[in-house]
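Peer 1: Structure provided below as structure tokens; questions to follow.
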Amino acid sequence: MTRPLIHLAETLTIGSIEGFLSQDEIEQLGQLMAKHLAHFGPERFDTERGDTIHEIPGRTAEHAMAVYEPAGRLEVRQIPSDAEQILQGAFERSREALNRSLPSVMLCRPWTYVEYGPGQHITAHLDGIAPDPLSWPRQIAGISVVISEPERGGAFHVETTSDHRLWRDGLAGPESGYAPGTHLAHDGADHSTPWFVAMPRTRWTATPGSGTALLYGSQLAHGTEPVLVGVARKFISWLAAD
């Protein structure tokens, strides 16, 4: 089977899959995570947590947490196997819909569970394709599934821009697995770098219902607005080509 070339549009996509999870699956996942947190104690994944899925090259995990989640959040990087199985099953069911906009996606990485309480949010950033976007595997898009919405606030957003500072000089092409003329983003596209913070961007917000999967390209800035009332509970992962 010939691997499809990765197109720039995939890494900038925004989309949704309604009904990614059934109501029964949403309830099962909520119960599994409640049991997991009760067993280990939620503080272990919240105020006592010293690591994060986010990385800033040359900086500590503590610094990355301060940049990405300035008011904190609860983060479970290794979820129960039963929960992982439910989510991977949902990914497999959705492959046809996924591949319409993300034809190069072949796999879904392990899922992470997060919670945001009042005042908590994630600052805008790019996930990036890979530390070296010419190596494999390549992260094409992120995926986020809400299982419990907050009462107010917490909207997901993407931010678009035409600013040339986002992009590296030179283009990738078929010799490296990309469609001809593919642009690759600079490292450091997050709130740790002054050029990204100063770059003008236009924000688009979304408030998906429980069980809907949001898709957002790895070269698309995204984040969440602060939760105002209640708690946002969701699972996130990354869709990759290998």
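Each chain in the structure tokens gets a letter, A, B, ..., in the order shown, and its residues are numbered from 1; ligands are numbered from 1 in order too.
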Name all residues at most 9 Å from A:Gly15 (count only C-alpha atoms; drop same-chain ones fewer than 3 positions away) and give them as a short mmCIF file (atom, residue, chain, number, x, y, z; two decimals) with C-alpha atoms, in the first residue's frame.
Peer 2:
data_model
loop_
_atom_site.label_atom_id
_atom_site.label_comp_id
_atom_site.auth_asym_id
_atom_site.auth_seq_id
_atom_site.Cartn_x
_atom_site.Cartn_y
_atom_site.Cartn_z
CA LEU A 98 -11.61 10.98 9.52
CA SER A 101 -10.18 15.40 5.66
CA ALA A 213 -14.83 14.70 18.52
CA LEU A 214 -13.09 17.90 17.44
CA LEU A 215 -10.21 17.62 14.96
CA TYR A 216 -7.52 20.30 14.69
#
Peer 1: List the neighbours of A:Glu149 out to 7 Å using only C-alpha atoms; skip same-chain residues closer than 5 positions along the sequence, and give me the result as a VMD selection string.
Peer 2: chain A and resid 210 231 to 233
Peer 1: Taking the DSSP assignment computed from this structure's backbone, write out as number ranges by chain all residues of stretch 91-213 of chain A that belong to strand (DSSP E or B).
Peer 2: A: 107-108, 112-116, 118, 125, 138-148, 152-153, 156-160, 167, 172, 178, 182, 185, 202-206, 213
Peer 1: Mind checking which residues fall within 12 Å of A:Pro180, counting only C-alpha atoms, ignoring those fewer than 5 positions away in the same chain, and posting them as a list in words?
Peer 2: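 Near A:Pro180, the qualifying residues are Leu5, Ile6, His7, Leu8, Gly170, Leu171, Ala172, Gly173, Pro174 and Glu175 of chain A.
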Peer 1: Suppose we keep N, CA, C and O atoms; can you now write the selection as a compact mmCIF listing (two decimals), in the first residue's frame?
Peer 2:
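Written out: again10.txt:
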# COMPACT_ATOMS: atom_id res chain seq x y z
N LEU A 5 0.77 11.17 0.30
CA LEU A 5 1.56 12.34 0.67
C LEU A 5 0.76 13.19 1.66
O LEU A 5 -0.45 13.36 1.52
N ILE A 6 1.45 13.74 2.63
CA ILE A 6 0.82 14.61 3.62
C ILE A 6 0.66 16.00 3.01
O ILE A 6 1.62 16.60 2.52
N HIS A 7 -0.57 16.51 3.03
CA HIS A 7 -0.86 17.82 2.46
C HIS A 7 -0.92 18.87 3.57
O HIS A 7 -1.37 18.59 4.68
N LEU A 8 -0.48 20.08 3.25
CA LEU A 8 -0.52 21.17 4.21
C LEU A 8 -1.92 21.35 4.81
O LEU A 8 -2.07 21.62 6.00
N GLY A 170 11.97 27.76 3.16
CA GLY A 170 12.06 26.48 2.45
C GLY A 170 10.77 25.70 2.55
O GLY A 170 9.94 25.93 3.44
N LEU A 171 10.61 24.78 1.64
CA LEU A 171 9.40 23.97 1.55
C LEU A 171 9.74 22.50 1.54
O LEU A 171 10.80 22.10 1.06
N ALA A 172 8.83 21.67 2.06
CA ALA A 172 8.98 20.21 1.99
C ALA A 172 8.27 19.72 0.74
O ALA A 172 7.42 20.40 0.17
N GLY A 173 8.63 18.49 0.31
CA GLY A 173 8.03 17.95 -0.89
C GLY A 173 7.96 16.44 -0.88
O GLY A 173 8.19 15.79 0.16
N PRO A 174 7.64 15.83 -2.01
CA PRO A 174 7.44 14.37 -2.09
C PRO A 174 8.63 13.55 -1.62
O PRO A 174 8.45 12.45 -1.10
N GLU A 175 9.84 14.07 -1.79
CA GLU A 175 11.02 13.31 -1.36
C GLU A 175 11.02 13.06 0.15
O GLU A 175 11.67 12.13 0.63
Peer 1: Fewer than 6 positions away in the same chain doesn't count, so skip those; otherwise give me all residues within 10 Å of A:Glu55, counting only C-alpha atoms, as an MDAnalysis selection string.
Peer 2: chainID A and resid 61:65 67:68 127 188
Peer 1: Print the selection's residues with C-alpha atoms to a file, as an mmCIF file, in the first residue's frame.
Peer 2:
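Output file result-v2.cif is given in full below:
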data_model
loop_
_atom_site.group_PDB
_atom_site.id
_atom_site.type_symbol
_atom_site.label_atom_id
_atom_site.label_comp_id
_atom_site.auth_asym_id
_atom_site.auth_seq_id
_atom_site.Cartn_x
_atom_site.Cartn_y
_atom_site.Cartn_z
ATOM 1 C CA ALA A 61 8.286 20.483 32.732
ATOM 2 C CA GLU A 62 7.443 22.997 35.452
ATOM 3 C CA HIS A 63 8.083 25.858 33.024
ATOM 4 C CA ALA A 64 5.998 24.186 30.299
ATOM 5 C CA MET A 65 3.107 23.769 32.741
ATOM 6 C CA VAL A 67 3.184 28.483 30.014
ATOM 7 C CA TYR A 68 0.492 26.097 28.780
ATOM 8 C CA ASP A 127 1.243 20.954 18.636
ATOM 9 C CA GLY A 188 8.319 27.628 19.678
#
Peer 1: Just want the 12 Å neighbourhood of A:Ala66, counted on only C-alpha atoms, with same-chain residues fewer than 3 positions away dropped. Output as a VMD selection string.
Peer 2: chain A and resid 50 to 52 54 to 56 59 to 63 69 to 73 120 to 123 190 to 192
